[in-house]
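Quick look at target.txt (compact mmCIF, C-alpha atoms):
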# COMPACT_ATOMS: atom_id res chain seq x y z
CA MET A 1 40.65 6.28 30.45
CA ARG A 2 42.36 6.94 33.74
CA HIS A 3 40.64 6.94 37.07
CA ARG A 4 41.46 7.54 40.70
CA ARG A 5 42.79 4.43 42.37
CA MET A 6 41.56 2.87 45.57
CA THR A 7 43.17 -0.05 47.38
CA ALA A 8 41.27 -3.31 47.42
CA ALA A 9 40.97 -3.15 51.20
CA ALA A 10 39.49 0.34 51.12
CA ALA A 11 37.12 -0.60 48.34
CA CYS A 12 35.93 -3.62 50.31
CA ALA A 13 35.28 -1.42 53.34
CA VAL A 14 33.18 0.95 51.24
CA LEU A 15 31.36 -1.87 49.49
CA ALA A 16 30.81 -4.02 52.57
CA LEU A 17 27.06 -3.40 52.63
CA SER A 18 26.71 -4.70 49.09
CA GLY A 19 28.65 -7.91 49.51
CA CYS A 20 32.27 -7.16 48.55
CA GLY A 21 34.33 -10.29 48.78
CA ARG A 22 31.59 -12.75 47.80
CA GLY A 23 32.83 -15.74 45.92
CA SER A 24 31.10 -14.86 42.66
CA SER A 25 29.46 -11.88 41.07
CA GLY A 26 26.97 -14.23 39.51
CA ASP A 27 25.53 -15.76 42.69
CA ASP A 28 21.83 -16.48 42.05
CA GLU A 29 21.73 -13.91 39.27
CA THR A 30 19.98 -14.26 35.95
CA ALA A 31 19.77 -11.75 33.14
CA LYS A 32 16.09 -10.83 33.27
CA ALA A 33 14.27 -9.85 30.12
CA VAL A 34 13.13 -6.27 29.58
CA SER A 35 9.47 -5.46 29.06
CA ALA A 36 8.23 -4.57 25.60
CA GLY A 37 7.11 -1.12 24.55
CA LYS A 38 8.49 2.37 24.92
CA ALA A 39 10.40 3.60 27.95
CA GLY A 40 8.67 5.71 30.57
CA GLY A 41 9.42 7.53 33.80
CA ASP A 42 12.57 9.21 35.06
CA ILE A 43 15.93 7.61 34.27
CA THR A 44 18.78 8.82 36.46
CA VAL A 45 22.23 8.69 34.88
CA TRP A 46 25.73 9.48 36.13
CA ALA A 47 28.28 10.32 33.45
CA MET A 48 31.87 11.52 33.68
CA GLY A 49 34.09 13.94 31.83
CA THR A 50 33.00 15.32 28.47
CA GLU A 51 30.30 12.66 28.30
CA GLY A 52 28.74 14.04 31.48
CA GLU A 53 28.68 17.51 29.96
CA LYS A 54 27.08 16.50 26.66
CA LEU A 55 24.81 13.54 27.38
CA ALA A 56 21.81 15.45 28.77
CA GLU A 57 21.31 17.45 25.59
CA PHE A 58 22.04 14.40 23.41
CA ALA A 59 19.49 12.27 25.31
CA LYS A 60 16.66 14.59 24.27
CA ALA A 61 16.50 12.56 21.06
CA PHE A 62 15.71 9.47 23.19
CA THR A 63 12.93 11.38 24.91
CA ALA A 64 11.55 12.40 21.52
CA GLU A 65 11.19 8.70 20.72
CA ASN A 66 9.92 7.92 24.23
CA PRO A 67 7.77 10.91 25.26
CA ASP A 68 6.88 9.46 28.66
CA ALA A 69 10.54 9.08 29.64
CA LYS A 70 12.93 11.69 30.99
CA VAL A 71 16.71 11.25 31.23
CA ASN A 72 18.26 13.11 34.16
CA VAL A 73 22.06 13.28 33.83
CA THR A 74 24.42 14.16 36.67
CA ALA A 75 27.92 15.10 35.55
CA VAL A 76 30.59 13.57 37.80
CA PRO A 77 34.32 14.43 37.64
CA TRP A 78 36.44 11.38 36.83
CA ASP A 79 38.63 11.88 39.89
CA ALA A 80 35.55 11.62 42.13
CA ALA A 81 33.77 8.86 40.21
CA HIS A 82 35.13 5.80 41.99
CA GLN A 83 34.35 7.04 45.49
CA LYS A 84 30.92 8.37 44.50
CA ILE A 85 29.85 5.11 42.89
CA ALA A 86 31.25 2.97 45.70
CA SER A 87 29.53 5.09 48.36
CA ALA A 88 26.22 4.96 46.47
CA ILE A 89 26.45 1.17 46.23
CA ALA A 90 27.13 0.85 49.96
CA ALA A 91 24.20 3.10 50.82
CA LYS A 92 21.92 1.50 48.21
CA GLN A 93 21.42 4.95 46.72
CA THR A 94 22.62 4.32 43.19
CA PRO A 95 21.28 5.99 40.08
CA ASP A 96 19.59 3.81 37.48
CA VAL A 97 22.56 4.04 35.09
CA SER A 98 26.22 4.99 35.30
CA MET A 99 29.26 5.08 33.12
CA ILE A 100 31.75 2.54 34.48
CA GLY A 101 35.38 2.92 33.51
CA THR A 102 36.64 -0.35 32.07
CA THR A 103 39.28 -0.70 34.80
CA MET A 104 36.56 -0.32 37.47
CA GLN A 105 34.25 -2.92 35.94
CA GLY A 106 35.60 -5.96 37.75
CA GLU A 107 35.38 -4.35 41.18
CA PHE A 108 31.82 -3.06 40.84
CA ALA A 109 30.50 -6.17 39.11
CA LYS A 110 32.10 -8.33 41.78
CA SER A 111 30.34 -6.33 44.48
CA GLY A 112 27.01 -7.62 43.19
CA ALA A 113 25.78 -4.09 42.47
CA LEU A 114 25.38 -4.30 38.69
CA ASP A 115 22.43 -5.80 36.83
CA PRO A 116 23.35 -8.58 34.37
CA THR A 117 23.03 -7.60 30.72
CA PRO A 118 19.70 -8.73 29.22
CA ALA A 119 20.35 -11.12 26.34
CA ASP A 120 17.10 -10.09 24.67
CA LEU A 121 18.47 -6.59 24.03
CA PHE A 122 22.16 -7.11 23.26
CA THR A 123 24.41 -9.57 21.45
CA LYS A 124 28.12 -9.56 22.09
CA ASP A 125 28.93 -9.93 18.39
CA ALA A 126 27.61 -6.41 17.79
CA PHE A 127 30.57 -4.98 19.75
CA PHE A 128 34.33 -5.14 19.32
CA PRO A 129 35.41 -8.38 21.08
CA GLY A 130 37.93 -6.70 23.38
CA ALA A 131 35.35 -4.11 24.42
CA TRP A 132 32.70 -6.72 25.21
CA ASP A 133 35.22 -8.68 27.25
CA THR A 134 35.63 -5.70 29.61
CA THR A 135 31.99 -6.13 30.67
CA VAL A 136 32.40 -9.83 31.50
CA VAL A 137 33.11 -10.91 35.07
CA ASP A 138 32.92 -14.56 36.12
CA GLY A 139 31.56 -15.44 32.69
CA LYS A 140 28.64 -13.00 32.82
CA SER A 141 28.23 -9.57 31.23
CA PHE A 142 27.26 -6.55 33.31
CA GLY A 143 26.45 -3.53 31.16
CA VAL A 144 27.61 -2.82 27.62
CA PRO A 145 30.56 -1.03 26.00
CA TRP A 146 29.64 2.59 25.19
CA TYR A 147 32.71 3.95 23.44
CA VAL A 148 36.22 2.71 22.77
CA GLU A 149 39.75 3.85 22.05
CA THR A 150 43.03 2.17 21.23
CA ARG A 151 46.65 2.99 20.41
CA GLY A 152 48.71 3.28 17.24
CA ILE A 153 51.92 4.92 16.06
CA TYR A 154 51.73 8.50 14.76
CA TYR A 155 54.64 9.41 12.50
CA ARG A 156 55.85 12.34 10.44
CA THR A 157 55.58 11.14 6.86
CA ASP A 158 58.36 13.43 5.61
CA LEU A 159 60.82 12.24 8.27
CA ALA A 160 59.77 8.62 7.83
CA ALA A 161 60.46 8.87 4.09
CA LYS A 162 63.97 10.19 4.77
CA ALA A 163 64.44 7.36 7.25
CA GLY A 164 63.51 4.79 4.61
CA PHE A 165 60.00 3.99 5.92
CA PRO A 166 57.57 6.06 3.84
CA ASP A 167 54.63 3.87 4.92
CA GLY A 168 55.62 3.71 8.57
CA PRO A 169 56.74 0.70 10.62
CA LYS A 170 55.10 -2.68 10.24
CA THR A 171 57.22 -4.76 12.65
CA TRP A 172 59.25 -4.29 15.83
CA ASP A 173 62.44 -4.26 13.78
CA ASP A 174 60.92 -1.58 11.55
CA LEU A 175 60.01 0.59 14.53
CA THR A 176 63.52 0.43 15.93
CA ALA A 177 65.17 1.08 12.57
CA MET A 178 62.80 3.92 11.67
CA ALA A 179 63.16 5.65 15.03
CA LYS A 180 66.96 5.51 14.87
CA ALA A 181 67.06 6.66 11.24
CA MET A 182 64.76 9.56 12.02
CA GLN A 183 67.56 10.81 14.24
CA SER A 184 70.52 9.93 12.05
CA LYS A 185 69.04 10.65 8.60
CA ALA A 186 66.03 12.94 9.12
CA GLY A 187 67.34 15.27 11.82
CA ALA A 188 64.85 14.50 14.58
CA LYS A 189 66.03 14.99 18.14
CA TRP A 190 64.00 11.96 19.23
CA GLY A 191 62.90 9.13 16.98
CA LEU A 192 60.01 7.93 19.13
CA ASN A 193 58.07 9.08 22.17
CA ILE A 194 56.61 6.41 24.44
CA GLN A 195 55.68 6.64 28.10
CA PRO A 196 58.67 6.20 30.43
CA GLY A 197 56.55 5.26 33.40
CA LYS A 198 54.22 7.18 35.69
CA THR A 199 50.43 6.94 35.65
CA GLY A 200 48.97 4.91 32.81
CA SER A 201 52.21 3.69 31.27
CA TRP A 202 50.90 0.12 31.49
CA GLN A 203 48.58 1.08 28.60
CA SER A 204 51.67 1.58 26.42
CA VAL A 205 53.71 -1.38 27.67
CA LEU A 206 51.07 -4.10 27.57
CA PRO A 207 50.47 -3.82 23.79
CA PHE A 208 54.10 -4.82 23.27
CA GLY A 209 53.62 -7.73 25.65
CA TRP A 210 50.43 -8.90 23.96
CA SER A 211 52.04 -8.49 20.53
CA ASN A 212 54.81 -10.80 21.74
CA GLY A 213 52.36 -13.49 22.85
CA ALA A 214 52.36 -12.61 26.55
CA GLN A 215 49.36 -13.05 28.79
CA ILE A 216 49.16 -11.07 32.01
CA ALA A 217 46.46 -13.26 33.49
CA ALA A 218 45.66 -16.95 33.25
CA ASP A 219 43.76 -19.48 35.35
CA GLY A 220 42.54 -16.82 37.75
CA LYS A 221 46.00 -15.42 38.49
CA TYR A 222 48.24 -12.60 37.31
CA THR A 223 51.06 -13.84 35.07
CA PHE A 224 53.53 -11.01 34.48
CA ASP A 225 56.76 -12.94 34.99
CA THR A 226 56.97 -14.79 31.67
CA PRO A 227 59.66 -14.96 28.96
CA GLU A 228 57.31 -13.24 26.50
CA MET A 229 56.73 -10.29 28.82
CA VAL A 230 60.42 -10.02 29.73
CA GLN A 231 61.35 -9.84 26.05
CA ALA A 232 58.68 -7.21 25.43
CA LEU A 233 59.83 -5.02 28.31
CA GLN A 234 63.46 -5.37 27.20
CA TYR A 235 62.40 -4.18 23.76
CA TYR A 236 60.47 -1.28 25.25
CA GLN A 237 63.45 -0.29 27.40
CA SER A 238 65.78 -0.37 24.39
CA PHE A 239 64.38 2.91 23.07
CA PHE A 240 65.48 4.64 26.27
CA THR A 241 68.88 2.99 26.65
CA ALA A 242 69.68 3.86 23.02
CA LYS A 243 68.49 7.44 23.69
CA VAL A 244 65.99 7.19 20.88
CA ALA A 245 63.11 8.11 23.22
CA PRO A 246 63.07 10.91 25.82
CA SER A 247 62.71 9.88 29.44
CA ASN A 248 61.62 13.26 30.80
CA LEU A 249 59.57 15.09 28.16
CA PRO A 250 57.76 17.98 29.89
CA GLN A 251 53.99 18.05 30.01
CA GLY A 252 52.59 19.62 26.85
CA ALA A 253 55.88 19.42 24.94
CA LEU A 254 55.00 16.46 22.69
CA GLU A 255 52.70 18.15 20.18
CA PRO A 256 54.82 21.26 19.43
CA ALA A 257 57.95 19.08 19.17
CA PHE A 258 56.16 16.77 16.72
CA VAL A 259 54.98 19.77 14.67
CA ARG A 260 58.56 21.10 14.55
CA GLY A 261 59.92 17.70 13.51
CA GLU A 262 61.93 17.28 16.71
CA ILE A 263 60.01 14.10 17.54
CA GLY A 264 59.55 11.74 14.60
CA ALA A 265 56.90 9.39 15.97
CA PHE A 266 54.87 8.70 19.08
CA MET A 267 52.37 6.19 20.41
CA SER A 268 48.88 7.45 21.22
CA GLY A 269 45.17 7.15 20.55
CA PRO A 270 42.64 8.72 18.17
CA TRP A 271 42.10 11.83 20.30
CA HIS A 272 45.48 13.11 19.17
CA VAL A 273 44.26 13.83 15.63
CA GLY A 274 42.36 16.92 16.70
CA ILE A 275 45.14 18.05 19.04
CA LEU A 276 47.76 17.81 16.30
CA ASN A 277 45.65 19.57 13.73
CA ASP A 278 45.06 22.43 16.15
CA ALA A 279 48.74 22.60 17.07
CA GLY A 280 50.05 22.41 13.50
CA GLY A 281 47.49 24.48 11.64
CA LYS A 282 45.35 23.77 8.60
CA ASP A 283 48.04 22.14 6.46
CA PHE A 284 49.60 19.94 9.11
CA ALA A 285 47.21 17.01 8.58
CA SER A 286 49.10 16.18 5.37
CA LYS A 287 52.41 15.87 7.23
CA TYR A 288 51.65 12.88 9.43
CA SER A 289 49.94 9.53 9.36
CA VAL A 290 49.14 6.63 11.70
CA VAL A 291 49.81 2.90 11.59
CA GLY A 292 48.61 0.14 13.86
CA MET A 293 50.90 -1.35 16.46
CA PRO A 294 54.04 -2.79 14.83
CA ALA A 295 53.89 -6.56 14.93
CA GLY A 296 55.96 -8.90 17.02
CA LYS A 297 54.14 -12.21 16.87
CA SER A 298 50.96 -10.20 16.25
CA SER A 299 49.80 -6.60 16.10
CA THR A 300 47.81 -6.18 19.29
CA SER A 301 46.95 -2.94 21.03
CA PHE A 302 45.16 -1.86 24.19
CA ILE A 303 41.42 -1.25 24.14
CA GLY A 304 40.05 1.36 26.51
CA GLY A 305 37.02 3.57 26.72
CA SER A 306 34.03 3.25 28.97
CA ASN A 307 31.17 0.90 29.64
CA ILE A 308 27.70 1.91 30.75
CA ALA A 309 25.70 -0.21 33.18
CA VAL A 310 22.42 -0.49 35.07
CA PHE A 311 22.44 -1.01 38.84
CA LYS A 312 20.50 -3.79 40.53
CA ASP A 313 18.97 -1.18 42.82
CA ALA A 314 17.74 0.87 39.84
CA LYS A 315 14.29 2.31 40.43
CA ASN A 316 13.48 2.27 36.72
CA ARG A 317 15.33 -0.80 35.46
CA ASP A 318 13.45 -1.50 32.24
CA ALA A 319 13.60 2.09 31.01
CA ALA A 320 17.28 2.22 31.94
CA TRP A 321 18.08 -0.78 29.77
CA LYS A 322 16.00 0.64 26.92
CA PHE A 323 18.09 3.80 27.13
CA LEU A 324 21.29 1.73 26.89
CA ALA A 325 19.85 -0.20 23.94
CA TRP A 326 19.17 3.15 22.23
CA LEU A 327 22.74 4.31 22.89
CA ALA A 328 23.97 1.07 21.29
CA LYS A 329 22.11 1.58 18.01
CA PRO A 330 24.68 2.01 15.21
CA GLU A 331 23.12 5.26 13.99
CA VAL A 332 23.06 6.67 17.54
CA GLN A 333 26.68 5.62 18.06
CA VAL A 334 27.61 7.59 14.93
CA LYS A 335 25.73 10.67 16.14
CA TRP A 336 27.44 10.38 19.52
CA TYR A 337 30.82 10.23 17.78
CA GLN A 338 29.90 13.40 15.91
CA THR A 339 28.86 15.01 19.21
CA ALA A 340 31.64 13.90 21.56
CA THR A 341 34.28 12.36 19.21
CA ASP A 342 33.96 9.09 21.15
CA LEU A 343 34.68 6.13 18.86
CA PRO A 344 31.77 3.66 18.53
CA ALA A 345 31.98 0.37 20.41
CA VAL A 346 29.39 -1.09 18.01
CA GLN A 347 31.18 -2.46 14.95
CA LYS A 348 28.42 -1.72 12.42
CA ALA A 349 28.64 2.00 13.22
CA TRP A 350 32.06 2.02 11.56
CA ASP A 351 30.40 1.41 8.17
CA ASP A 352 28.99 4.94 8.27
CA PRO A 353 30.81 7.41 5.97
CA ALA A 354 31.53 9.63 8.98
CA LEU A 355 34.05 6.99 10.04
CA SER A 356 34.68 4.85 6.96
CA GLY A 357 35.72 7.92 4.98
CA ASP A 358 38.48 8.87 7.41
CA LYS A 359 41.77 7.12 6.63
CA ILE A 360 43.23 7.53 10.12
CA LEU A 361 40.08 6.44 11.91
CA GLN A 362 40.04 3.30 9.79
CA VAL A 363 43.52 2.43 11.09
CA PHE A 364 42.18 2.59 14.63
CA GLY A 365 39.04 0.72 13.60
CA ALA A 366 41.12 -2.14 12.21
CA GLN A 367 43.27 -2.18 15.35
CA LEU A 368 40.21 -2.39 17.60
CA LYS A 369 39.28 -5.77 16.10
CA SER A 370 42.24 -7.43 17.84
CA ALA A 371 42.83 -5.03 20.74
CA LYS A 372 42.84 -6.38 24.29
CA ALA A 373 41.94 -5.10 27.73
CA PRO A 374 43.51 -6.01 31.07
CA PRO A 375 41.71 -8.65 33.12
CA ALA A 376 38.46 -7.55 34.77
CA TYR A 377 39.80 -8.33 38.23
CA PRO A 378 38.65 -6.11 41.11
CA THR A 379 42.28 -5.39 42.02
CA TRP A 380 43.47 -4.34 38.57
CA GLU A 381 43.75 -0.63 39.35
CA GLN A 382 45.94 -1.41 42.35
CA VAL A 383 48.13 -3.81 40.38
CA SER A 384 48.42 -1.43 37.42
CA ALA A 385 49.88 1.20 39.78
CA VAL A 386 52.65 -1.31 40.60
CA VAL A 387 53.28 -1.82 36.88
CA ASP A 388 53.56 1.95 36.33
CA THR A 389 56.11 2.27 39.15
CA GLU A 390 58.29 -0.57 37.88
CA VAL A 391 58.12 0.63 34.26
CA GLU A 392 59.51 3.97 35.37
CA LYS A 393 62.37 2.21 37.16
CA VAL A 394 63.11 0.31 33.94
CA CYS A 395 62.89 3.24 31.53
CA VAL A 396 64.33 6.05 33.64
CA GLY A 397 66.44 4.19 36.19
CA GLY A 398 67.76 1.38 34.00
CA GLU A 399 66.38 -1.44 36.15
CA ASP A 400 66.66 -4.92 34.66
CA PRO A 401 63.31 -5.75 33.00
CA ALA A 402 63.39 -9.34 34.27
CA ALA A 403 63.89 -8.12 37.84
CA ALA A 404 61.12 -5.55 37.42
CA LEU A 405 58.67 -8.19 36.26
CA LYS A 406 59.58 -10.43 39.19
CA ASN A 407 58.80 -7.50 41.49
CA ILE A 408 55.50 -6.90 39.72
CA GLN A 409 54.62 -10.57 39.95
CA GLN A 410 55.48 -10.73 43.65
CA GLN A 411 53.36 -7.71 44.47
CA ALA A 412 50.51 -8.85 42.24
CA ASP A 413 50.49 -12.23 43.99
CA SER A 414 50.40 -10.45 47.33
CA ILE A 415 47.53 -8.18 46.26
CA GLY A 416 45.67 -11.06 44.62
CA THR A 417 42.96 -10.83 41.99
CA GLY A 418 40.08 -10.15 44.34
CA ALA A 419 38.15 -12.84 42.50
Turn the structure described in the file into structure tokens.
Amino acid sequence: MRHRRMTAAAACAVLALSGCGRGSSGDDETAKAVSAGKAGGDITVWAMGTEGEKLAEFAKAFTAENPDAKVNVTAVPWDAAHQKIASAIAAKQTPDVSMIGTTMQGEFAKSGALDPTPADLFTKDAFFPGAWDTTVVDGKSFGVPWYVETRGIYYRTDLAAKAGFPDGPKTWDDLTAMAKAMQSKAGAKWGLNIQPGKTGSWQSVLPFGWSNGAQIAADGKYTFDTPEMVQALQYYQSFFTAKVAPSNLPQGALEPAFVRGEIGAFMSGPWHVGILNDAGGKDFASKYSVVGMPAGKSSTSFIGGSNIAVFKDAKNRDAAWKFLAWLAKPEVQVKWYQTATDLPAVQKAWDDPALSGDKILQVFGAQLKSAKAPPAYPTWEQVSAVVDTEVEKVCVGGEDPAAALKNIQQQADSIGTGA
């Protein structure tokens, strides 16, 4: 999920009234228990994107179970979400509940505005580990994961068979060999499409770093400039220097090129299934498949999605948390997937035939078990913008990956973690 960025300084100015810059998000905070019984009263919720459009109708089922409660949903555009939440925190005019993009979590939790997650309602083992970790700041959880997504490699099965990889790539060497052979043996113009920089490219690059054993944060600091990350970025760059991957694919060109067989494989998330099936027609689903991230030292992908949290200034705290507990029920997670195609963050929901019976979804489900998220530092969105800029220099401009990572490290050290 991509969100509008704000500098740490600007965010601190907006959040000043709520304590931005305090030493710990957990100062004098305990996760209070939630009262027993059904929910009651009005519950105000802010939700973004498709979720904001569909949640009000979906939440009527919660009201049916809790007749004295009413869920009032305000749809907020993603590009306005950061400023709207930050301004509400500063003015102490927050709703009871809001979606919180995973890359915003550290900043808003650090401000002291979010209510700690009640241990009597939620256990972290119910969720995918990487998803739960996005809620944790300074060792304490604030909110719960709502839905998740991750990345894998889509590939044309017919072209992959001609290239000698009928089951897709399993390792880094496989991915390189398959992509090149898709050009030389299967007639594809491009063997692989990966992001050459620009907004959000860190979501594609970091899985290669993590799969190579890299950490991008340790001991409260950013750690980009490591041998493991250099090797991963060199590998990523190799697809561009060998002209296996396009560096300037126009917006909207990927799907039709994949349908035509001009692009043999690409890296993306589960949302692309529906897009491809629409683009290719009713029979196209049989012409492609998906594998998890090819392994270096491991097969590790990025975990994204959105969390949902209760504010400390919530006027109806207990009912708000009961609503989140309802959203986290496995059967409700399945129904939400069927409503909004958001993948469940609760692991048990994946046992339902709606997900377990889908071969491609199971690939993503398996990948989610080991997927990672960037550190929940308040400055992550600012630092990730630096990563995107340097990745573009590497992939499009041919910059030395080692030099690029030194630049990223220098700027990340200057920005700091905001912790």
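Proximity ranking of A:Arg156, A:Lys359, A:Lys406, A:Lys393 relative to Thr226 in chain A places A:Lys406 first, based on only C-alpha atoms.
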Residue neighbourhood Gly187 in chain A, 12 Å, only C-alpha atoms, exclusion window fewer than 5 positions, as a ChimeraX atom specification: /A:156,158-160,162-163,179-182,260-264
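Nearest to Ser289 in chain A of all the residues A:Ala161, A:Ala371, A:Ala403, A:Ala385 is A:Ala161, based on all atoms listed in the file.
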One-decimal distance in Å that lies between CA of Thr94 in chain A and CA of Glu107 in chain A: 15.6 Å
Find the spatial neighbours of range 296-305 of chain A, counting all atoms listed in the file, within a cut-off of 10 Å - ignore same-chain residues fewer than 2 positions away - and output them as a PDB file with C-alpha atoms, in the frame of the given file.
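around20.pdb, freshly written:
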ATOM      1  CA  MET A   1      40.650   6.280  30.450  1.00  0.00           C
ATOM      2  CA  ARG A   2      42.360   6.940  33.740  1.00  0.00           C
ATOM      3  CA  ILE A 100      31.750   2.540  34.480  1.00  0.00           C
ATOM      4  CA  GLY A 101      35.380   2.920  33.510  1.00  0.00           C
ATOM      5  CA  THR A 102      36.640  -0.350  32.070  1.00  0.00           C
ATOM      6  CA  THR A 103      39.280  -0.700  34.800  1.00  0.00           C
ATOM      7  CA  PHE A 128      34.330  -5.140  19.320  1.00  0.00           C
ATOM      8  CA  PRO A 129      35.410  -8.380  21.080  1.00  0.00           C
ATOM      9  CA  GLY A 130      37.930  -6.700  23.380  1.00  0.00           C
ATOM     10  CA  ALA A 131      35.350  -4.110  24.420  1.00  0.00           C
ATOM     11  CA  THR A 134      35.630  -5.700  29.610  1.00  0.00           C
ATOM     12  CA  PRO A 145      30.560  -1.030  26.000  1.00  0.00           C
ATOM     13  CA  TRP A 146      29.640   2.590  25.190  1.00  0.00           C
ATOM     14  CA  TYR A 147      32.710   3.950  23.440  1.00  0.00           C
ATOM     15  CA  VAL A 148      36.220   2.710  22.770  1.00  0.00           C
ATOM     16  CA  GLU A 149      39.750   3.850  22.050  1.00  0.00           C
ATOM     17  CA  THR A 150      43.030   2.170  21.230  1.00  0.00           C
ATOM     18  CA  ARG A 151      46.650   2.990  20.410  1.00  0.00           C
ATOM     19  CA  GLY A 152      48.710   3.280  17.240  1.00  0.00           C
ATOM     20  CA  LYS A 170      55.100  -2.680  10.240  1.00  0.00           C
ATOM     21  CA  THR A 171      57.220  -4.760  12.650  1.00  0.00           C
ATOM     22  CA  TRP A 172      59.250  -4.290  15.830  1.00  0.00           C
ATOM     23  CA  ASP A 173      62.440  -4.260  13.780  1.00  0.00           C
ATOM     24  CA  TRP A 202      50.900   0.120  31.490  1.00  0.00           C
ATOM     25  CA  GLN A 203      48.580   1.080  28.600  1.00  0.00           C
ATOM     26  CA  SER A 204      51.670   1.580  26.420  1.00  0.00           C
ATOM     27  CA  VAL A 205      53.710  -1.380  27.670  1.00  0.00           C
ATOM     28  CA  LEU A 206      51.070  -4.100  27.570  1.00  0.00           C
ATOM     29  CA  PRO A 207      50.470  -3.820  23.790  1.00  0.00           C
ATOM     30  CA  PHE A 208      54.100  -4.820  23.270  1.00  0.00           C
ATOM     31  CA  GLY A 209      53.620  -7.730  25.650  1.00  0.00           C
ATOM     32  CA  TRP A 210      50.430  -8.900  23.960  1.00  0.00           C
ATOM     33  CA  SER A 211      52.040  -8.490  20.530  1.00  0.00           C
ATOM     34  CA  ASN A 212      54.810 -10.800  21.740  1.00  0.00           C
ATOM     35  CA  GLY A 213      52.360 -13.490  22.850  1.00  0.00           C
ATOM     36  CA  ALA A 214      52.360 -12.610  26.550  1.00  0.00           C
ATOM     37  CA  ALA A 232      58.680  -7.210  25.430  1.00  0.00           C
ATOM     38  CA  GLY A 269      45.170   7.150  20.550  1.00  0.00           C
ATOM     39  CA  GLY A 292      48.610   0.140  13.860  1.00  0.00           C
ATOM     40  CA  MET A 293      50.900  -1.350  16.460  1.00  0.00           C
ATOM     41  CA  PRO A 294      54.040  -2.790  14.830  1.00  0.00           C
ATOM     42  CA  ASN A 307      31.170   0.900  29.640  1.00  0.00           C
ATOM     43  CA  ASP A 342      33.960   9.090  21.150  1.00  0.00           C
ATOM     44  CA  LEU A 343      34.680   6.130  18.860  1.00  0.00           C
ATOM     45  CA  PRO A 344      31.770   3.660  18.530  1.00  0.00           C
ATOM     46  CA  ALA A 345      31.980   0.370  20.410  1.00  0.00           C
ATOM     47  CA  PHE A 364      42.180   2.590  14.630  1.00  0.00           C
ATOM     48  CA  GLN A 367      43.270  -2.180  15.350  1.00  0.00           C
ATOM     49  CA  LEU A 368      40.210  -2.390  17.600  1.00  0.00           C
ATOM     50  CA  LYS A 369      39.280  -5.770  16.100  1.00  0.00           C
ATOM     51  CA  SER A 370      42.240  -7.430  17.840  1.00  0.00           C
ATOM     52  CA  ALA A 371      42.830  -5.030  20.740  1.00  0.00           C
ATOM     53  CA  LYS A 372      42.840  -6.380  24.290  1.00  0.00           C
ATOM     54  CA  ALA A 373      41.940  -5.100  27.730  1.00  0.00           C
ATOM     55  CA  PRO A 374      43.510  -6.010  31.070  1.00  0.00           C
TER      56      PRO A 374
END
Nearest to Ala39 in chain A, chosen from A:Phe62, A:Phe127, A:Trp350, A:Phe165, with all atoms listed in the file counted in the distances: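 Checking each of A:Phe62, A:Phe127, A:Trp350, A:Phe165 against Ala39 in chain A, counting all atoms listed in the file, the winner is A:Phe62.
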Between CA of Pro95 in chain A and CA of Ala314 in chain A, distance in Å (one decimal):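 For CA of Pro95 in chain A relative to CA of Ala314 in chain A, the distance reads 6.2 Å.
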Point-to-point distance in Å for CA of Pro118 in chain A and CA of Asp138 in chain A: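 We find that CA of Asp138 in chain A and CA of Pro118 in chain A lie 16.0 Å from each other.
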Selected residue, from A:Val137, A:Val346, A:Val71, A:Val34, that lies nearest to Val332 in chain A when counting all atoms listed in the file: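 Smallest distance to Val332 in chain A is found for A:Val346.
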Residues within 8 Å of (14.7, -4.8, 36.0), file coords, all atoms listed in the file, listed as a list of chain:residue names: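 Result, sorted by chain then residue number: A:Lys32, A:Ala33, A:Val34, A:Asp115, A:Lys312, A:Ala314, A:Asn316, A:Arg317, A:Asp318.
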Contacts of Ala109 in chain A within 10 Å, all atoms listed in the file, excl. fewer than 5 positions in-chain, as an NGL selection string: :A and (20 or 24-26 or 100 or 104 or 114-116 or 135-138 or 140-143 or 309 or 311 or 376-378)
Who sits within 12 Å of Thr63 in chain A, all atoms listed in the file, same chain under 2 positions skipped, as a PyMOL selection string: chain A and resi 38-43+56-61+65-72+319+322-323+326
Top pick for closest residue to Thr157 in chain A, considering A:Lys54, A:Lys198, A:Lys124, A:Lys287 and counting only C-alpha atoms: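 For Thr157 in chain A, the nearest of the given residues is A:Lys287.
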Nearest to Glu381 in chain A by atom-to-atom distance, counting only C-alpha atoms, from A:Gly164, A:Gly52, A:Gly139, A:Gly416: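 Counting only C-alpha atoms, the residue closest to Glu381 in chain A is A:Gly416.
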